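Here's data-v3.cif, which has mmCIF, C-alpha atoms:
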```
data_run
#
loop_
_atom_site.label_atom_id
_atom_site.label_comp_id
_atom_site.auth_asym_id
_atom_site.auth_seq_id
_atom_site.Cartn_x
_atom_site.Cartn_y
_atom_site.Cartn_z
CA MET A 1 5.16 -23.84 -1.25
CA LYS A 2 4.61 -20.38 -2.71
CA LEU A 3 6.69 -17.23 -2.71
CA LEU A 4 4.67 -14.00 -2.47
CA VAL A 5 6.38 -10.73 -3.41
CA ASP A 6 5.21 -7.13 -3.03
CA ALA A 7 7.79 -5.03 -4.90
CA GLY A 8 7.15 -1.35 -4.24
CA ASN A 9 9.01 1.83 -5.06
CA THR A 10 10.90 1.86 -1.75
CA ARG A 11 10.79 -1.66 -0.34
CA ILE A 12 10.33 -5.27 -1.44
CA LYS A 13 8.38 -7.39 1.03
CA TRP A 14 8.05 -11.13 0.70
CA ARG A 15 6.54 -14.21 2.32
CA ILE A 16 6.85 -17.96 1.88
CA VAL A 17 3.54 -19.74 2.49
CA ALA A 18 2.22 -23.29 2.30
CA ASP A 19 -1.56 -23.65 2.51
CA ARG A 20 -1.74 -20.13 4.00
CA GLU A 21 0.78 -21.08 6.72
CA LEU A 22 3.59 -18.53 6.98
CA LEU A 23 7.00 -20.19 6.76
CA GLY A 24 9.23 -17.18 6.21
CA SER A 25 9.19 -13.47 5.46
CA GLY A 26 11.44 -10.49 4.95
CA VAL A 27 11.87 -7.00 3.61
CA VAL A 28 14.69 -5.23 1.76
CA ALA A 29 15.13 -1.86 0.13
CA THR A 30 14.08 -2.04 -3.53
CA ALA A 31 17.60 -1.09 -4.59
CA GLN A 32 18.86 -4.26 -2.87
CA VAL A 33 16.86 -6.67 -5.03
CA ALA A 34 19.96 -8.76 -5.73
CA THR A 35 20.20 -9.76 -2.06
CA LEU A 36 16.96 -11.73 -2.22
CA ALA A 37 18.35 -14.84 -3.93
CA PRO A 38 20.09 -16.29 -0.85
CA ALA A 39 17.09 -15.42 1.33
CA TRP A 40 14.69 -17.41 -0.86
CA GLN A 41 16.91 -20.32 -1.84
CA PRO A 42 16.57 -22.40 1.37
CA PHE A 43 12.78 -22.57 0.99
CA HIS A 44 12.78 -24.05 -2.54
CA PRO A 45 9.47 -22.42 -3.53
CA THR A 46 7.49 -24.22 -6.23
CA GLY A 47 6.07 -21.00 -7.64
CA ALA A 48 5.98 -17.24 -7.13
CA LEU A 49 3.15 -14.71 -7.24
CA LEU A 50 4.37 -11.14 -7.58
CA SER A 51 2.92 -7.64 -7.43
CA CYS A 52 5.47 -5.22 -8.86
CA VAL A 53 5.08 -1.46 -9.21
CA ALA A 54 8.82 -0.80 -9.06
CA ASP A 55 10.81 0.12 -12.16
CA ALA A 56 11.63 -2.20 -15.06
CA ALA A 57 15.13 -2.87 -13.73
CA THR A 58 13.73 -4.15 -10.44
CA GLN A 59 11.24 -6.38 -12.20
CA ALA A 60 13.99 -7.74 -14.43
CA GLY A 61 16.13 -8.43 -11.37
CA LEU A 62 13.33 -10.38 -9.72
CA ALA A 63 12.72 -12.33 -12.92
CA ARG A 64 16.41 -13.28 -13.16
CA ILE A 65 16.50 -14.55 -9.57
CA LEU A 66 13.44 -16.71 -10.10
CA ALA A 67 14.60 -18.01 -13.48
CA ALA A 68 18.00 -18.96 -12.04
CA SER A 69 16.21 -21.13 -9.45
CA SER A 70 13.67 -22.47 -11.99
CA VAL A 71 10.79 -20.97 -9.98
CA PRO A 72 7.73 -20.31 -12.18
CA ALA A 73 6.63 -16.68 -11.79
CA HIS A 74 3.13 -15.27 -12.13
CA TRP A 75 3.01 -11.46 -12.29
CA LEU A 76 -0.33 -10.21 -10.98
CA GLN A 77 -2.30 -8.33 -13.64
CA PRO A 78 -5.54 -6.55 -12.68
CA GLU A 79 -8.67 -7.85 -14.39
CA ARG A 80 -12.24 -6.57 -14.75
CA GLU A 81 -13.78 -9.48 -12.82
CA ASN A 82 -11.85 -12.00 -10.75
CA TYR A 83 -11.15 -13.10 -7.19
CA GLY A 84 -14.54 -11.76 -6.07
CA LEU A 85 -13.68 -8.16 -7.04
CA THR A 86 -15.23 -6.01 -9.76
CA ASN A 87 -12.64 -3.55 -11.05
CA LEU A 88 -14.35 -0.47 -12.51
CA TYR A 89 -11.17 1.27 -13.64
CA ASP A 90 -11.73 2.54 -17.19
CA THR A 91 -8.86 0.35 -18.36
CA PRO A 92 -8.78 -2.41 -15.71
CA GLU A 93 -5.27 -3.65 -16.45
CA LYS A 94 -3.82 -0.17 -15.80
CA LEU A 95 -4.75 -0.29 -12.13
CA GLY A 96 -1.58 -0.81 -10.08
CA ALA A 97 -1.08 -4.44 -9.12
CA ASP A 98 -0.47 -3.40 -5.51
CA ARG A 99 -3.77 -1.53 -5.31
CA TYR A 100 -5.51 -4.49 -6.93
CA ALA A 101 -4.12 -6.98 -4.41
CA ALA A 102 -4.95 -4.68 -1.48
CA LEU A 103 -8.53 -4.26 -2.71
CA ILE A 104 -8.91 -8.02 -3.03
CA ALA A 105 -7.68 -8.46 0.54
CA ALA A 106 -10.06 -5.76 1.76
CA SER A 107 -12.99 -7.35 -0.06
CA ARG A 108 -12.40 -10.61 1.82
CA LEU A 109 -13.02 -8.81 5.13
CA GLN A 110 -16.67 -8.22 4.19
CA VAL A 111 -16.93 -4.98 6.16
CA GLY A 112 -19.32 -3.15 3.83
CA ASP A 113 -18.47 0.12 2.15
CA CYS A 114 -14.88 1.06 2.93
CA VAL A 115 -11.97 3.20 1.82
CA VAL A 116 -8.63 1.43 1.41
CA VAL A 117 -5.72 3.73 2.21
CA SER A 118 -2.10 2.79 1.57
CA VAL A 119 0.52 5.28 2.76
CA GLY A 120 4.01 4.83 1.36
CA THR A 121 6.13 6.54 -1.27
CA ALA A 122 2.75 7.41 -2.77
CA THR A 123 -0.56 7.47 -0.94
CA THR A 124 -3.54 5.77 -2.58
CA VAL A 125 -7.12 6.20 -1.39
CA ASP A 126 -9.49 3.70 -3.02
CA MET A 127 -13.26 3.29 -2.66
CA LEU A 128 -14.59 -0.27 -2.27
CA SER A 129 -18.34 -0.83 -2.18
CA ARG A 130 -20.15 -3.31 0.00
CA ASP A 131 -20.73 -5.53 -3.04
CA ASN A 132 -16.96 -5.64 -3.68
CA ALA A 133 -16.76 -3.19 -6.56
CA PHE A 134 -13.72 -0.93 -6.83
CA LEU A 135 -15.36 2.42 -7.61
CA GLY A 136 -12.22 4.49 -8.15
CA GLY A 137 -9.55 6.22 -6.13
CA VAL A 138 -6.92 8.94 -5.96
CA ILE A 139 -3.12 8.94 -5.88
CA LEU A 140 -1.03 11.63 -4.21
CA PRO A 141 2.55 11.94 -2.99
CA GLY A 142 3.19 10.12 0.28
CA PRO A 143 4.17 12.11 3.39
CA ASP A 144 7.94 11.88 2.85
CA LEU A 145 7.69 12.71 -0.86
CA MET A 146 5.34 15.62 -0.15
CA ARG A 147 7.74 16.99 2.49
CA ALA A 148 10.79 16.54 0.24
CA ALA A 149 9.07 18.34 -2.63
CA LEU A 150 8.21 21.28 -0.37
CA LEU A 151 11.70 21.61 1.09
CA GLY A 152 13.39 21.09 -2.27
CA ALA A 153 11.36 23.77 -4.03
CA THR A 154 11.54 26.49 -1.38
CA GLY A 155 14.47 28.62 -0.41
CA GLN A 156 14.11 29.25 3.32
CA ILE A 157 11.62 26.86 4.92
CA GLU A 158 14.23 24.31 5.94
CA SER A 159 16.57 26.96 7.33
CA ARG A 160 13.71 28.35 9.41
CA MET A 161 13.51 25.04 11.20
CA GLN A 162 16.69 26.18 13.00
CA GLY A 163 18.58 22.95 12.46
CA GLU A 164 15.86 20.62 13.72
CA ALA A 165 15.76 17.26 11.98
CA VAL A 166 12.73 17.31 9.71
CA ARG A 167 11.64 13.83 10.73
CA ALA A 168 11.86 14.74 14.42
CA ARG A 169 8.67 16.74 14.13
CA LEU A 170 6.48 14.19 12.36
CA ALA A 171 4.52 13.22 15.47
CA VAL A 172 2.65 16.50 15.90
CA ASP A 173 -0.34 16.62 18.23
CA PRO A 174 -3.41 17.25 16.02
CA ALA A 175 -4.79 19.54 18.75
CA SER A 176 -1.71 21.77 18.77
CA LEU A 177 -1.36 25.07 16.96
CA PRO A 178 1.41 25.30 14.33
CA ARG A 179 3.51 28.18 15.67
CA ASP A 180 6.93 27.19 14.31
CA THR A 181 8.05 26.22 10.83
CA ALA A 182 8.79 22.54 11.52
CA THR A 183 5.34 22.05 13.05
CA ALA A 184 3.74 23.98 10.20
CA VAL A 185 5.34 21.67 7.64
CA ALA A 186 4.51 18.48 9.55
CA MET A 187 0.93 19.53 10.17
CA GLY A 188 0.45 20.71 6.60
CA VAL A 189 1.59 17.34 5.23
CA ALA A 190 -0.57 15.38 7.67
CA LEU A 191 -3.66 17.48 6.94
CA ALA A 192 -3.15 17.10 3.19
CA GLN A 193 -2.97 13.32 3.55
CA ALA A 194 -5.96 13.13 5.88
CA GLY A 195 -7.91 15.56 3.71
CA ALA A 196 -7.69 13.25 0.71
CA VAL A 197 -8.96 10.35 2.82
CA ASP A 198 -11.80 12.44 4.25
CA ALA A 199 -12.84 13.65 0.78
CA MET A 200 -13.09 10.10 -0.57
CA CYS A 201 -14.97 8.95 2.52
CA ARG A 202 -17.49 11.74 2.03
CA ARG A 203 -18.00 10.74 -1.60
CA MET A 204 -18.93 7.24 -0.49
CA ALA A 205 -21.16 8.53 2.33
CA ALA A 206 -23.23 10.80 0.08
CA ALA A 207 -26.33 8.65 0.50
CA ASP A 208 -25.64 7.55 4.09
CA ALA A 209 -25.13 9.35 7.37
CA ASP A 210 -22.06 7.43 8.50
CA LEU A 211 -18.60 7.64 6.99
CA PRO A 212 -17.31 4.33 5.63
CA LEU A 213 -14.69 2.30 7.44
CA VAL A 214 -11.08 3.19 6.60
CA ILE A 215 -8.69 0.27 6.10
CA LEU A 216 -5.20 1.67 6.61
CA THR A 217 -1.96 0.05 5.45
CA GLY A 218 1.50 1.02 4.19
CA GLY A 219 4.90 1.66 5.74
CA ALA A 220 4.28 5.38 6.37
CA ARG A 221 0.77 5.04 7.79
CA ALA A 222 1.83 6.09 11.30
CA GLN A 223 2.30 9.63 9.97
CA VAL A 224 -1.39 9.79 9.04
CA ARG A 225 -3.23 7.57 11.55
CA GLU A 226 -3.94 10.18 14.24
CA TRP A 227 -5.35 12.62 11.70
CA LEU A 228 -8.07 10.35 10.34
CA ARG A 229 -11.69 10.60 11.41
CA GLY A 230 -14.25 7.86 11.85
CA GLN A 231 -13.57 4.16 12.28
CA VAL A 232 -10.12 3.02 11.19
CA ILE A 233 -8.55 -0.43 11.21
CA GLU A 234 -4.86 -0.99 10.47
CA ILE A 235 -3.66 -4.05 8.58
CA GLU A 236 0.02 -4.80 8.12
CA ASP A 237 1.04 -5.79 4.57
CA LEU A 238 -2.42 -5.71 3.01
CA VAL A 239 -0.92 -6.37 -0.45
CA LEU A 240 0.71 -9.59 0.76
CA GLU A 241 -2.57 -10.60 2.40
CA GLY A 242 -4.25 -10.20 -0.97
CA LEU A 243 -1.53 -12.17 -2.72
CA ALA A 244 -1.86 -14.96 -0.17
CA TRP A 245 -5.57 -15.28 -0.83
CA ILE A 246 -5.07 -15.19 -4.61
CA ALA A 247 -2.36 -17.87 -4.35
CA SER A 248 -4.69 -20.09 -2.35
CA THR A 249 -7.25 -20.01 -5.16
CA ARG A 250 -4.84 -20.72 -8.03
CA ALA A 251 -4.14 -24.24 -9.21
CA ASP A 252 -0.58 -23.54 -10.43
#
```
Please express the file's structure as structure tokens.
Amino acid sequence: MKLLVDAGNTRIKWRIVADRELLGSGVVATAQVATLAPAWQPFHPTGALLSCVADAATQAGLARILAASSVPAHWLQPERENYGLTNLYDTPEKLGADRYAALIAASRLQVGDCVVVSVGTATTVDMLSRDNAFLGGVILPGPDLMRAALLGATGQIESRMQGEAVRARLAVDPASLPRDTATAVAMGVALAQAGAVDAMCRRMAAADADLPLVILTGGARAQVREWLRGQVIEIEDLVLEGLAWIASTRAD
């Protein structure tokens, strides 16, 4: 029985699996890492596979919980060649473990050239070739972080929203015209996110007529979905899907 953990900047998501069968799952805010011990204890996992891009304190907290229960922990480290993926990052081990796991999951789908997009605290847009090579990708602030940076660094934009809740205007119709400040902010953020995806898709499509498939994941993906062009498939918890496949191939 294996514990799979995706520890991100905002949330920690986890699953308990046995031979790919899901036995339990959950999610907590990253700041609440200490609450995970009682959630995991009833399952008595025999090992843990973790992707952690949260801060050192969060990783230490996870390590303490597992050590206290004598659960062996394996922290996913990106490699140049493994799990059917070729990682062409200049320094392979410096690729984020979450991106690495998501790319491995995407490669198992065998959908040809694709762009893997994860929208959360940060947005990552990664190019995966049909022969399962990670070609490179970009990182930009996620929608909420982009919006917060804009409002925090400007003097009057928020006041011009006339008291409207900022998040109340996230679902803007892409066909509408931005004629008030709240819509202008929401549309600007959405177009910036979608523009990064479109640019990476066009890089992959340089030699072909069709844009590659977009594989969309991440907790904030709903803010971007309607703005993307071409064929898009959504997959919940792509990082955990990758961890599940990796765990199934490991002997420990």
Check your understanding: Got a sec to resolve the PyMOL selection byres ((chain A and resi 222-231) around 9) on this structure and send the residues as a ChimeraX atom specification?
Key -> /A:119,143,170-171,173-174,189-191,193-195,197-198,210-216,218-221,232-234
Write the residues of the preceding selection, restricted to C-alpha atoms, as an mmCIF file, keeping the file's coordinate frame.
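Heads up, here's the output in out-v8.cif:
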```cif
data_model
loop_
_atom_site.group_PDB
_atom_site.id
_atom_site.type_symbol
_atom_site.label_atom_id
_atom_site.label_comp_id
_atom_site.auth_asym_id
_atom_site.auth_seq_id
_atom_site.Cartn_x
_atom_site.Cartn_y
_atom_site.Cartn_z
ATOM 1 C CA VAL A 119 0.520 5.280 2.760
ATOM 2 C CA PRO A 143 4.170 12.110 3.390
ATOM 3 C CA LEU A 170 6.480 14.190 12.360
ATOM 4 C CA ALA A 171 4.520 13.220 15.470
ATOM 5 C CA ASP A 173 -0.340 16.620 18.230
ATOM 6 C CA PRO A 174 -3.410 17.250 16.020
ATOM 7 C CA VAL A 189 1.590 17.340 5.230
ATOM 8 C CA ALA A 190 -0.570 15.380 7.670
ATOM 9 C CA LEU A 191 -3.660 17.480 6.940
ATOM 10 C CA GLN A 193 -2.970 13.320 3.550
ATOM 11 C CA ALA A 194 -5.960 13.130 5.880
ATOM 12 C CA GLY A 195 -7.910 15.560 3.710
ATOM 13 C CA VAL A 197 -8.960 10.350 2.820
ATOM 14 C CA ASP A 198 -11.800 12.440 4.250
ATOM 15 C CA ASP A 210 -22.060 7.430 8.500
ATOM 16 C CA LEU A 211 -18.600 7.640 6.990
ATOM 17 C CA PRO A 212 -17.310 4.330 5.630
ATOM 18 C CA LEU A 213 -14.690 2.300 7.440
ATOM 19 C CA VAL A 214 -11.080 3.190 6.600
ATOM 20 C CA ILE A 215 -8.690 0.270 6.100
ATOM 21 C CA LEU A 216 -5.200 1.670 6.610
ATOM 22 C CA GLY A 218 1.500 1.020 4.190
ATOM 23 C CA GLY A 219 4.900 1.660 5.740
ATOM 24 C CA ALA A 220 4.280 5.380 6.370
ATOM 25 C CA ARG A 221 0.770 5.040 7.790
ATOM 26 C CA VAL A 232 -10.120 3.020 11.190
ATOM 27 C CA ILE A 233 -8.550 -0.430 11.210
ATOM 28 C CA GLU A 234 -4.860 -0.990 10.470
#
```
Exercise for review: Give as a PyMOL selection string the residues that the PyMOL selection byres ((chain A and resi 203) around 12) matches when applied to the coordinates above.
Suggested key: chain A and resi 113-115+125-129+135-137+196-202+204-212
Point to revise | Selection under test: the PyMOL selection byres ((chain A and resi 243) around 8); residues as a list in words | key: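 Applied to this file, the PyMOL selection byres ((chain A and resi 243) around 8) returns Leu4, Leu49, Leu50, Ser51, Ala101, Ala105, Val239, Leu240, Glu241, Gly242, Ala244, Trp245, Ile246 and Ala247 of chain A.
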Revision key, fill the gap. Between atom CA of A:Ile139 and atom CA of A:Cys52 lies a distance of 16.8 Å
Check your understanding: For A:Ala31, which of A:Asn9, A:Thr91, A:Thr124, A:Thr249 is the closest residue, counting only C-alpha atoms?
Key ->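 For A:Ala31, the nearest of the given residues is A:Asn9.
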Review point. Which of these residues is nearest to A:Ala149, using all atoms listed in the file: A:Val185, A:Ala18, A:Ala67, A:Leu76?
Key: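 The closest residue to A:Ala149 is A:Val185.
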Check your understanding: Near A:Thr123, counting all atoms listed in the file, which residues have an atom at most 7 Å away, once you skip same-chain residues fewer than 6 positions from it, shown as a list in words?
Key ->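 What passes the distance filter is Ile139, Leu140, Pro141 and Gly142 of chain A.
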Exercise for review: Name the residues in contact with A:Ala34 at a cut-off of 12 Å, using all atoms listed in the file, excluding same-chain residues fewer than 4 positions from it; report them as a PyMOL selection string.
Suggested key: chain A and resi 12+28-30+38-40+57-66
Go ahead and dump the residues you just picked, C-alpha atoms, as a compact mmCIF listing (two decimals), keeping the file's coordinate frame.
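Just written: result-v5.txt:
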```txt
# COMPACT_ATOMS: atom_id res chain seq x y z
CA ILE A 12 10.33 -5.27 -1.44
CA VAL A 28 14.69 -5.23 1.76
CA ALA A 29 15.13 -1.86 0.13
CA THR A 30 14.08 -2.04 -3.53
CA PRO A 38 20.09 -16.29 -0.85
CA ALA A 39 17.09 -15.42 1.33
CA TRP A 40 14.69 -17.41 -0.86
CA ALA A 57 15.13 -2.87 -13.73
CA THR A 58 13.73 -4.15 -10.44
CA GLN A 59 11.24 -6.38 -12.20
CA ALA A 60 13.99 -7.74 -14.43
CA GLY A 61 16.13 -8.43 -11.37
CA LEU A 62 13.33 -10.38 -9.72
CA ALA A 63 12.72 -12.33 -12.92
CA ARG A 64 16.41 -13.28 -13.16
CA ILE A 65 16.50 -14.55 -9.57
CA LEU A 66 13.44 -16.71 -10.10
```
**Study point:** Atom-to-atom span, atom CA of A:Ser25 and atom CA of A:Asn87, Å
**Key:**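 The value is 29.1 Å.
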Practice item. Please indicate the distance in Å from atom CA of A:Asp19 to atom CA of A:Ser248, rounded to one decimal place. Key: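 Atom CA of A:Ser248 lies at a distance of 6.8 Å from atom CA of A:Asp19.
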Review point. A:Trp75, A:Phe43, A:Trp14, A:Tyr83: which is nearest A:Leu103, counting all atoms listed in the file?
Key: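 Using all atoms listed in the file, A:Leu103 sits closest to A:Tyr83.
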